[in-house]
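Engineer: Dumping the structure here so I can ask a few things about it.
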Amino acid sequence: MSLPNHRATGPRLSASATGALMAVTSMSAVQLGLALSVPLVDRLGALGTTGLRMAWAGVLLLVLVRPRPRDFTGRDLRACTALGAVSAGMMICFMLAVTRLPLGTASALEFLGPLAVSLYGSLHGPSRGRTRWAAMAALGVVALTEPWHGGIDAAGAGFAVAAASCWAAYILLTQRVGDSVTGLGGLAVSMPVAGLVGLLAAAPSDLAHVTWRLLAAMLGLAALSAALPFALEFLALRRLTTSAFGTLMSLEPAVALLAGLLVLGQIPALASAAGVALVVTAGIGATRTGVRPSPAPPEPHHALTPTTASSPSG
């Protein structure tokens with residue numbers, strides 16, 4: 001006679017809570033890395049700093065993940081290439097915006113991309129209730145940026161909006177690649193593409209002052225603010241809807257504000273503190289309603305039957 005096996009299990013986080021934790025950790029790493037990059041931007045320029053960071057991140061992910069070509073279809077490779085291109089555009093445009101705008105303002109404008117994704121998902125998805133969280137996050141962004149204090153640099157605003165567009169595309173492509181490619185293989189292919197685009201944008205003139213010491217510093221920043229955050233976002237988007245993830249990203253200006261306080265000694269005003277409270281509330285609301293069902297595991301590409309391989313839907 002066999003006895004029932006009662007295994008002691010502790011409390012486990014839900015899928016939505018786990019995805020939210022990954023997203024917040026990703027944002028924290030990005031903003032900390034950005035704050036630590038300030039001295040390097042003065043020596044290498046915005047494009048040189050961003051290009052080297054992405055290139056190192058691509059090398060790290062290739063070495064650690066080692067993606068196998070047979071695990072990708074042609075459609076997967078095209079999606080990974082597109083993801084790499086928009087990832088590079090997002091980081092390059094944001095860095096160019098930060099050189100012209102305050103960090104909080106640039107982060108708030110960049111948030112327009114995830115906010116658009118969130119609003120679209122709220123209006124066409126199963127729950128219209130998420131719209132109120134997106135609206136609350138938008139109010140928080142306004143409070144953080146305090147636009148009533150004057151105008152902003154037009155070029156900086158343009159770069160920030162361009163980064164927002166890339167961020168929206170990045171969210172959708174990341175979920176598409178994450179659902180069709182097992183593990184972090186898609187990220188290990190897309191990030192080297194982003195690094196190549198970044199180095200081409202930097203051009204030799206922006207890399208003329210590179211030293212071995214700067215290369216070592218950029219390796220550390222690549223691990224902290226590129227490789228780790230992108231991996232966490234890949235995993236988070238497997239647990240959250242694009243709508244919830246986009247709304248949760250409203251925490252980015254608040255995290256930027258905190259990084260400025262702790263690393264750069266920037267003390268937020270009262271309006272900024274109110275903005276933090278609004279975006280935190282919106283993030284919690286989005287997390288509670290944003291769990292996405294687990295996607296079916298992708299079929300091994302080498303085992304496709306002729307009928308399946310010829311299907312127009314893939």
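So you can find residues: chains in the structure tokens are A, B, ... in the order shown, residues in each start at 1, and ligands are numbered from 1 in order.
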Looking only at the backbone, which of the residues in segment 84-213 of chain A does DSSP tag as helix (DSSP H, G or I), as a PyMOL selection string?

Structural biologist: chain A and resi 84-98+103-110+112-124+130-145+147-149+154-180+185-206+212-213

Engineer: Would you list the contacts of segment 35-43 of chain A as a ChimeraX atom specification, taking every protein, DNA or RNA residue within 8 Å and counting only C-alpha atoms, but skipping same-chain residues closer than 5 positions in sequence?

Structural biologist: /A:48-49,209,214,221,259-260,263-264

Engineer: Which residues, written as a ChimeraX atom specification, have at least one atom at most 7 Å from segment 77-79 of chain A, with only C-alpha atoms counted and residues fewer than 4 positions away on the same chain left out?

Structural biologist: /A:72-73,83,173,177

Engineer: Keeping N, CA and C atoms for every residue in the selection just given, could you write it to a file as a CSV table (one decimal), in the first residue's frame?

Structural biologist:
```csv
chain,number,residue,atom,x,y,z
A,72,PHE,N,15.3,27.9,-35.8
A,72,PHE,CA,14.7,29.0,-36.3
A,72,PHE,C,14.2,28.8,-37.7
A,73,THR,N,13.0,29.2,-38.0
A,73,THR,CA,12.5,29.2,-39.4
A,73,THR,C,12.9,30.6,-40.0
A,83,LEU,N,13.2,42.8,-34.7
A,83,LEU,CA,13.3,43.2,-33.3
A,83,LEU,C,14.7,43.8,-32.9
A,173,LEU,N,6.9,43.0,-31.1
A,173,LEU,CA,7.9,42.0,-31.7
A,173,LEU,C,8.5,41.1,-30.6
A,177,VAL,N,8.3,37.1,-31.0
A,177,VAL,CA,9.5,36.2,-31.0
A,177,VAL,C,9.5,35.3,-29.8
```

Engineer: Compare A:Thr105, A:Ser190, A:Gln31, A:Gln175 by their minimum atom-to-atom distance to Ala82 of chain A, counting only C-alpha atoms, and give me the closest one.

Structural biologist: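 With only C-alpha atoms as the atom set, the closest residue is A:Ser190.
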
Engineer: Find, counting only C-alpha atoms, the residue in A:Thr99, A:Ser28, A:Thr131, A:Ser87 that gets nearest to Gly45 of chain A.

Structural biologist: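 Closest to Gly45 of chain A of all the choices is A:Thr99.
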
Engineer: Return the single residue from A:Ala274, A:Ala55, A:Ala162, A:Val117 that is closest to Gly84 of chain A, with distances computed using only C-alpha atoms.

Structural biologist: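 Of the candidates, the smallest distance to Gly84 of chain A is held by A:Ala55.
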
Engineer: Pick out the closest residue to Cys166 of chain A from this set: A:Ala97, A:Leu34, A:Ile267, A:Val86. Count only C-alpha atoms.

Structural biologist: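 Checking each candidate against Cys166 of chain A, we get A:Val86 as the closest.
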
Engineer: Counting only C-alpha atoms, figure out which residue out of A:Ala226, A:Ala106, A:Val161, A:Ala169 gets nearest to Ala194 of chain A.

Structural biologist: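 Using only C-alpha atoms, Ala194 of chain A sits closest to A:Ala226.
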
Engineer: Please list as a compact mmCIF listing (two decimals) with C-alpha atoms, in the first residue's frame every residue within 9 Å of Ser107 of chain A, counting only C-alpha atoms and excluding residues in the same chain fewer than 4 positions away.

Structural biologist:
```txt
# COMPACT_ATOMS: atom_id res chain seq x y z
CA PHE A 94 16.40 57.71 -26.33
CA VAL A 98 18.51 62.45 -22.99
CA PRO A 102 15.91 66.07 -18.62
CA LEU A 103 15.84 62.34 -17.93
CA PHE A 111 6.35 56.14 -22.49
CA VAL A 141 3.52 61.20 -16.65
CA ALA A 160 11.94 60.86 -27.62
CA GLU A 252 9.77 53.98 -16.10
CA PRO A 253 9.66 57.75 -15.40
CA ALA A 254 9.24 57.03 -11.70
CA ALA A 256 14.20 57.28 -13.58
```

Engineer: What does the distance from atom CA of Leu251 of chain A to atom CA of Val276 of chain A come to in Å, to one decimal?

Structural biologist: 7.8 Å
